[in-house]
Every structure is written in structure tokens, then in C-alpha cells.
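Q: Contents of coords.cif (mmCIF, C-alpha atoms) are below:
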data_protein
#
loop_
_atom_site.label_atom_id
_atom_site.label_comp_id
_atom_site.auth_asym_id
_atom_site.auth_seq_id
_atom_site.Cartn_x
_atom_site.Cartn_y
_atom_site.Cartn_z
CA MET D 1 58.49 91.13 122.96
CA ASP D 2 56.28 88.20 123.99
CA VAL D 3 53.05 88.84 125.90
CA GLU D 4 50.80 86.39 127.74
CA VAL D 5 47.68 87.57 129.54
CA LEU D 6 45.54 84.40 129.51
CA GLY D 7 46.55 83.46 133.04
CA GLU D 8 49.43 85.14 134.86
CA LEU D 9 50.81 88.29 133.24
CA LEU D 10 54.01 87.37 131.40
CA VAL D 11 55.86 89.96 129.32
CA ARG D 12 59.34 89.05 128.13
CA GLU D 13 61.93 90.77 125.99
CA HIS D 14 64.67 88.44 124.77
CA GLY D 15 63.55 85.94 127.38
CA GLN D 16 63.82 88.39 130.28
CA SER D 17 60.72 89.35 132.22
CA ILE D 18 59.84 93.04 132.33
CA VAL D 19 56.83 92.56 134.63
CA PRO D 20 57.25 94.68 137.78
CA SER D 21 56.39 93.33 141.22
CA ALA D 22 54.57 96.53 142.32
CA GLY D 23 50.83 96.51 141.75
CA LYS D 24 50.15 99.78 139.92
CA PRO D 25 52.97 99.52 137.34
CA ARG D 26 51.72 95.96 136.81
CA GLN D 27 48.22 97.32 136.09
CA ILE D 28 49.61 99.80 133.58
CA LEU D 29 51.61 97.11 131.78
CA ALA D 30 48.60 94.79 131.65
CA LEU D 31 46.32 97.47 130.22
CA LEU D 32 48.87 98.58 127.64
CA THR D 33 49.54 95.03 126.47
CA LEU D 34 45.83 94.27 126.14
CA HIS D 35 45.67 97.23 123.73
CA ALA D 36 49.01 96.53 122.05
CA GLY D 37 49.54 98.72 119.01
CA ARG D 38 46.91 101.23 120.12
CA ILE D 39 47.17 104.36 122.22
CA VAL D 40 45.80 104.11 125.74
CA PRO D 41 44.88 107.64 126.88
CA VAL D 42 46.33 109.00 130.10
CA ALA D 43 42.78 109.46 131.42
CA THR D 44 42.07 105.75 130.95
CA LEU D 45 45.25 104.77 132.78
CA MET D 46 44.37 107.13 135.65
CA GLU D 47 40.86 105.70 135.86
CA GLU D 48 42.31 102.21 136.12
CA LEU D 49 44.79 103.18 138.81
CA TRP D 50 42.67 105.45 141.00
CA GLY D 51 39.04 105.31 139.88
CA ASP D 52 37.24 108.48 140.98
CA ALA D 53 39.88 109.32 143.60
CA VAL D 54 42.60 110.64 141.28
CA PRO D 55 45.28 112.37 143.40
CA ARG D 56 46.75 115.77 142.56
CA SER D 57 50.11 114.15 141.92
CA SER D 58 48.62 111.64 139.47
CA ALA D 59 50.38 112.97 136.35
CA THR D 60 53.80 112.87 138.01
CA THR D 61 53.13 109.48 139.58
CA LEU D 62 52.00 108.00 136.25
CA GLN D 63 55.13 109.27 134.54
CA THR D 64 57.18 107.64 137.32
CA TYR D 65 55.48 104.30 136.69
CA ILE D 66 56.15 104.60 132.95
CA MET D 67 59.81 105.36 133.67
CA GLN D 68 60.00 102.25 135.87
CA LEU D 69 58.64 100.11 133.03
CA ARG D 70 61.08 101.63 130.55
CA ARG D 71 63.98 100.93 132.91
CA ARG D 72 62.97 97.27 133.01
CA ILE D 73 62.78 97.20 129.21
CA SER D 74 66.16 98.93 129.01
CA LYS D 75 67.70 96.27 131.21
CA ALA D 76 66.36 93.55 128.91
CA LEU D 77 67.87 95.44 125.93
CA GLN D 78 71.32 95.98 127.42
CA ASN D 79 72.89 93.66 124.83
CA PHE D 80 70.99 95.35 122.00
CA PRO D 81 72.14 99.00 121.99
CA GLU D 82 70.53 99.70 118.63
CA ARG D 83 67.07 99.45 120.24
CA SER D 84 65.48 101.85 122.70
CA PRO D 85 62.80 101.24 125.36
CA LYS D 86 60.76 103.91 123.60
CA ASP D 87 60.63 101.63 120.54
CA PHE D 88 58.38 99.40 122.65
CA LEU D 89 56.71 101.82 125.08
CA ALA D 90 56.09 105.11 123.35
CA THR D 91 54.46 108.37 124.41
CA SER D 92 51.99 109.46 121.76
CA PHE D 93 49.03 111.86 121.43
CA GLY D 94 48.09 112.16 125.09
CA GLY D 95 48.69 108.56 125.99
CA TYR D 96 51.04 105.61 125.81
CA ARG D 97 51.35 102.70 123.43
CA ILE D 98 53.15 99.37 123.57
CA THR D 99 54.17 97.88 120.25
CA VAL D 100 53.85 94.09 120.12
CA PRO D 101 53.29 92.00 116.96
CA ALA D 102 49.91 90.23 117.12
CA GLU D 103 51.54 86.82 116.74
CA ASN D 104 53.53 87.47 119.93
CA CYS D 105 50.43 87.98 122.09
CA ASP D 106 48.37 85.00 123.30
CA TRP D 107 45.15 87.07 123.45
CA SER D 108 45.53 88.00 119.78
CA ARG D 109 46.31 84.40 118.82
CA PHE D 110 43.29 83.22 120.79
CA ARG D 111 40.94 85.60 119.01
CA ARG D 112 42.34 84.72 115.59
CA SER D 113 41.97 80.95 116.10
CA ALA D 114 38.54 81.43 117.68
CA ALA D 115 37.33 83.53 114.76
CA GLU D 116 38.60 80.95 112.24
CA GLY D 117 36.91 78.18 114.21
CA SER D 118 33.64 80.09 114.33
CA ILE D 119 33.75 80.60 110.56
CA ALA D 120 34.44 76.88 110.02
CA LEU D 121 31.50 75.94 112.25
CA ALA D 122 29.15 78.29 110.39
CA ALA D 123 30.40 76.83 107.09
CA GLY D 124 29.45 73.30 108.14
CA ASP D 125 32.95 72.01 108.86
CA PRO D 126 32.75 70.87 112.50
CA ARG D 127 36.01 68.89 112.39
CA SER D 128 38.10 71.93 111.45
CA ALA D 129 36.06 74.07 113.84
CA SER D 130 36.71 71.71 116.74
CA ALA D 131 40.46 71.67 116.06
CA LEU D 132 40.72 75.45 115.77
CA LEU D 133 38.58 76.17 118.81
CA THR D 134 40.45 73.57 120.87
CA ASP D 135 43.75 75.22 119.92
CA ALA D 136 42.37 78.61 120.94
CA LEU D 137 41.17 77.39 124.34
CA ALA D 138 44.48 75.61 125.00
CA LEU D 139 46.18 79.03 125.18
CA TRP D 140 44.44 79.74 128.49
CA ARG D 141 46.55 78.95 131.57
CA GLY D 142 43.98 80.11 134.13
CA PRO D 143 41.77 83.18 134.73
CA ALA D 144 42.83 86.20 132.68
CA LEU D 145 45.47 88.38 134.42
CA VAL D 146 45.00 86.36 137.58
CA ASP D 147 48.03 87.93 139.34
CA VAL D 148 47.31 91.58 138.46
CA PRO D 149 45.45 94.07 140.72
CA VAL D 150 42.27 95.03 138.92
CA GLY D 151 40.73 98.49 138.70
CA ARG D 152 37.63 99.67 136.89
CA VAL D 153 39.01 99.46 133.35
CA LEU D 154 40.83 96.13 133.64
CA GLY D 155 37.80 94.70 135.42
CA LEU D 156 35.63 95.32 132.37
CA GLU D 157 38.33 93.99 130.05
CA ILE D 158 38.56 90.76 132.03
CA ILE D 159 34.77 90.29 132.02
CA HIS D 160 34.87 90.57 128.22
CA MET D 161 37.79 88.12 127.95
CA GLU D 162 36.19 85.50 130.17
CA GLU D 163 32.83 85.83 128.41
CA THR D 164 34.55 85.37 125.06
CA ARG D 165 36.30 82.29 126.43
CA ARG D 166 32.98 80.80 127.52
CA GLN D 167 31.38 81.47 124.14
CA VAL D 168 34.28 79.81 122.35
CA LEU D 169 33.92 76.82 124.66
CA GLU D 170 30.22 76.55 123.76
CA GLU D 171 31.13 76.65 120.07
CA ARG D 172 33.74 73.91 120.53
CA ILE D 173 31.18 71.74 122.31
CA GLU D 174 28.70 72.36 119.50
CA ALA D 175 31.32 71.30 116.93
CA ASP D 176 32.04 68.11 118.90
CA MET D 177 28.32 67.38 119.16
CA GLN D 178 28.00 67.67 115.41
CA LEU D 179 30.81 65.11 115.18
CA GLY D 180 28.74 62.73 117.31
CA TYR D 181 30.77 62.85 120.55
CA HIS D 182 27.69 63.16 122.76
CA ALA D 183 28.55 60.58 125.43
CA ALA D 184 32.14 61.85 125.70
CA LEU D 185 30.85 65.39 126.38
CA LEU D 186 28.52 64.51 129.26
CA GLY D 187 31.08 64.92 132.07
CA GLU D 188 32.33 68.25 130.76
CA LEU D 189 28.81 69.56 130.22
CA ARG D 190 27.66 68.56 133.70
CA THR D 191 30.62 70.42 135.18
CA LEU D 192 29.89 73.51 133.10
CA VAL D 193 26.20 73.52 134.04
CA VAL D 194 27.23 73.55 137.71
CA ARG D 195 29.71 76.38 137.04
CA TYR D 196 27.17 78.42 135.02
CA PRO D 197 23.85 77.42 136.61
CA LEU D 198 21.72 80.00 134.75
CA ASN D 199 23.23 79.43 131.28
CA GLU D 200 20.42 78.14 129.06
CA ASN D 201 22.62 77.24 126.13
CA LEU D 202 24.86 74.94 128.19
CA CYS D 203 21.75 73.32 129.66
CA ALA D 204 20.39 72.83 126.13
CA GLN D 205 23.65 71.24 125.02
CA LEU D 206 23.56 68.89 128.01
CA MET D 207 19.92 67.96 127.33
CA ILE D 208 20.69 67.19 123.69
CA ALA D 209 23.77 65.15 124.60
CA LEU D 210 21.78 63.16 127.16
CA CYS D 211 18.99 62.44 124.67
CA ARG D 212 21.40 61.37 121.97
CA SER D 213 23.15 59.15 124.53
CA GLY D 214 19.87 57.41 125.36
CA SER D 215 18.91 59.27 128.56
CA PRO D 216 15.87 61.47 127.79
CA SER D 217 14.60 61.21 131.39
CA ARG D 218 17.82 62.81 132.67
CA ALA D 219 17.46 65.52 130.01
CA LEU D 220 14.01 66.33 131.39
CA GLN D 221 15.48 66.43 134.88
CA GLU D 222 18.10 68.97 133.78
CA PHE D 223 15.33 71.16 132.36
CA ARG D 224 13.42 71.01 135.64
CA HIS D 225 16.52 71.95 137.61
CA LEU D 226 17.25 74.91 135.33
CA ARG D 227 13.63 76.06 135.51
CA GLU D 228 13.77 76.00 139.32
CA ARG D 229 17.04 77.96 139.37
CA LEU D 230 15.78 80.60 136.94
CA TYR D 231 12.58 81.11 138.90
CA ARG D 232 14.35 81.19 142.26
CA GLU D 233 17.17 83.53 141.18
CA LEU D 234 15.51 85.73 138.55
CA GLY D 235 11.78 85.09 138.74
CA VAL D 236 11.60 84.09 135.07
CA GLU D 237 10.77 81.01 133.00
CA PRO D 238 13.17 79.37 130.53
CA SER D 239 13.26 80.91 127.07
CA ALA D 240 10.78 79.85 124.40
CA ARG D 241 13.56 78.04 122.56
CA LEU D 242 14.47 75.93 125.58
CA GLN D 243 10.81 75.17 126.22
CA ARG D 244 10.51 73.95 122.62
CA LEU D 245 13.48 71.68 123.25
CA HIS D 246 11.75 70.43 126.40
CA GLN D 247 8.62 69.61 124.40
CA ALA D 248 10.69 67.85 121.73
CA VAL D 249 12.24 65.64 124.42
CA LEU D 250 8.83 64.90 125.94
CA CYS D 251 7.43 63.91 122.55
CA GLY D 252 10.52 62.11 121.29
CA ALA D 253 10.31 64.38 118.24
CA PRO D 254 12.46 63.25 115.32
CA GLU D 255 13.80 66.77 114.81
CA LEU D 256 15.66 66.36 118.10
CA ASP D 257 18.31 64.40 116.21
CA ARG D 258 19.04 67.54 114.19
CA TRP D 259 18.66 70.07 117.02
CA GLU D 260 21.60 72.38 117.54
CA ALA D 261 22.15 74.57 120.56
CA ALA D 262 22.22 78.28 119.87
CA VAL D 263 25.77 79.63 119.77
CA PRO D 264 26.15 83.34 120.62
CA ALA D 265 27.49 85.44 117.76
CA ARG D 266 30.91 86.94 118.37
CA LEU D 267 32.75 89.81 116.81
CA PRO D 268 35.61 88.77 114.54
CA ALA D 269 39.17 88.98 115.83
CA TYR D 270 40.89 92.34 115.45
#
Represent the supplied structure as C-alpha cells.

A:
Amino acid sequence: MDVEVLGELLVREHGQSIVPSAGKPRQILALLTLHAGRIVPVATLMEELWGDAVPRSSATTLQTYIMQLRRRISKALQNFPERSPKDFLATSFGGYRITVPAENCDWSRFRRSAAEGSIALAAGDPRSASALLTDALALWRGPALVDVPVGRVLGLEIIHMEETRRQVLEERIEADMQLGYHAALLGELRTLVVRYPLNENLCAQLMIALCRSGSPSRALQEFRHLRERLYRELGVEPSARLQRLHQAVLCGAPELDRWEAAVPARLPAY
């Protein structure tokens, strides 16, 4: 079984899609594949489907959705009688579990490449880090599970996935900056600062890239814009670290050539 969740939901068995068109079975399949190899409790599935308004018929309805998914798997296995839909979608200990090898899931491959890239960056190997992190980000085909109805549980999962994606992007930019690609990064960084207007680390990366490309005045302008946005939206000043960077730009401090933007720590892939 092949699973892709970094964009549209794609789940194939022997090249045949098993993704249902109905919204709620689609939600169940998405949640199970995100937790491939692990049991998803019935209560979690019900929370995703109905939130706090769980109907009396929820247990029967959930079982019906599971049966619909198994029928789709069975159809994909019609030329392989030695295998059963329950080999892939099993009932176990008060929940359900889909069995998918990690290498067959794009989310697992993303996390593995991202973790390896993060380790390479921390070890002082920006070239390997850039290659690994670029490969990880290339797996994304759009917003996570963009075509799946989202309940409370999937909503939190998607927030985590998109935040991880952004952190990996910041790490890849940091690796490229260490390789000296400052001018080439300016367009991408300007776009990201517009997309994430309150993100201090992206602003810091843009300021550093501008300075190292010979535009310290524009770096100071980016700081002023961020400061205005933070005060207007949150009523706060930029962090002490960003203010130190601002002072370094003002003074033309030599340590600016060695300044690195802070990269958020991430949990290793699992």
C-alpha cells in the first residue's frame, strides 16, 4: 500500500485507489494513515467525525465506514486472494490500525529526510543538509490533506504537519545561507516574510541575507516593518536576539558575517 498525505490524500493498493469519495470515510482513512502501524482508538475516530455531538448510532455508523473501506481494499486485492483487507485495516484493542511500511508513506519519508538534514546541519555539513532538506520539502504537493474534510483531531494533526514543514524550510534556508547563497535567497525570503509576517526567524534570515548582499539599509527597513507589525498585532517588541541583530546591522559589526538565524529544534522522525 502506498500513502501520500502531503497534498491530496492518495492511498493505493497495487496501483488502485482505495480513497472513498464520501467525506467521513475519507476522514477515517486519513487519520488511520497518519498513524500507520499504530492503533487509533474508537474514541479518537468518533471525536474526529462528530466532535462533541456524537450520535447514539455512532458505533454502528463507524463500523459501516470501516466496512466500506475494507470493501475498497478487497476490490484492489481481487487478483491477490492470499491477502485479506484485514491484513491492512485491522480491528485491535478498542480501535483500528492500518499497516503501511514507513517507506511507502510520504509523511514518514519527509520526517526521515528532515531529521537527517537537521543532524547534518548541526554537524556543520550545510551541503548535505541542504540536499536532504530540499529532498524532504520536494515531497509536498500542496497543503496537507487539502481534499479531506477536517475535524478536531485532523485539524491539530495538520497544524503540526504544516509547522514542521515551515521549520524544515527555515533549516534549508539556513543551510543555503551557510553555503553563501545569500543573493539567490532574497526573493524566496521576501515571499516568506509576507506569508509569515510575525515570524522573527524568517525576518532575521532576510536581514542577514540583505546585509551579506550589500543592502544593510534594506535590512534595517525589514526590522522596522516587523517591529510595527508585532506592536500593532500583539503589542510586543521584537525579541532580544532580533534587537541584537538590529544593533549589529546599525554598527556594521564584524560578527554579522558569522551570524546565524536561530533554527527551532525539532523532534526526530519516528

Q: Evaluated on this file, the PyMOL selection byres ((chain D and resi 95) around 7) picks out some residues - which ones are they, written as a VMD selection string?

A: chain D and resid 39 to 42 91 to 94 96 to 97

Q: Give me a file of those residues, with C-alpha atoms, as an mmCIF file, in the coordinates of the input.

A:
data_model
loop_
_atom_site.group_PDB
_atom_site.id
_atom_site.type_symbol
_atom_site.label_atom_id
_atom_site.label_comp_id
_atom_site.auth_asym_id
_atom_site.auth_seq_id
_atom_site.Cartn_x
_atom_site.Cartn_y
_atom_site.Cartn_z
ATOM 1 C CA ILE D 39 47.170 104.360 122.220
ATOM 2 C CA VAL D 40 45.800 104.110 125.740
ATOM 3 C CA PRO D 41 44.880 107.640 126.880
ATOM 4 C CA VAL D 42 46.330 109.000 130.100
ATOM 5 C CA THR D 91 54.460 108.370 124.410
ATOM 6 C CA SER D 92 51.990 109.460 121.760
ATOM 7 C CA PHE D 93 49.030 111.860 121.430
ATOM 8 C CA GLY D 94 48.090 112.160 125.090
ATOM 9 C CA TYR D 96 51.040 105.610 125.810
ATOM 10 C CA ARG D 97 51.350 102.700 123.430
#

Q: Apply the PyMOL selection byres ((chain D and resi 167) around 12) to the file shown and report the selected residues as number ranges by chain.

A: D: 111, 114-115, 117-118, 133, 136-137, 160-166, 168-174, 199, 201-202, 262-267

Q: Name the residues that the PyMOL selection byres ((chain D and resi 89) around 12) pulls out of this structure, and write them as JSON, numbers by chain.

A: {"D": [1, 18, 28, 29, 32, 33, 36, 37, 38, 39, 40, 65, 66, 67, 68, 69, 70, 71, 72, 73, 74, 83, 84, 85, 86, 87, 88, 90, 91, 92, 95, 96, 97, 98, 99, 100]}

Q: Work out how far apart CA of Ala184 in chain D and CA of Pro238 in chain D are and give it in Å to one decimal.

A: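 These two atoms are separated by 26.3 Å.
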
Q: Determine, counting only C-alpha atoms, which protein, DNA and RNA residues have an atom within 12 Å of an atom of Arg224 in chain D; residues of the same chain fewer than 6 positions away are not included. Present the result as a ChimeraX atom specification.

A: /D:200,203-204,207,217-218,230-231,237-238,242-243,246
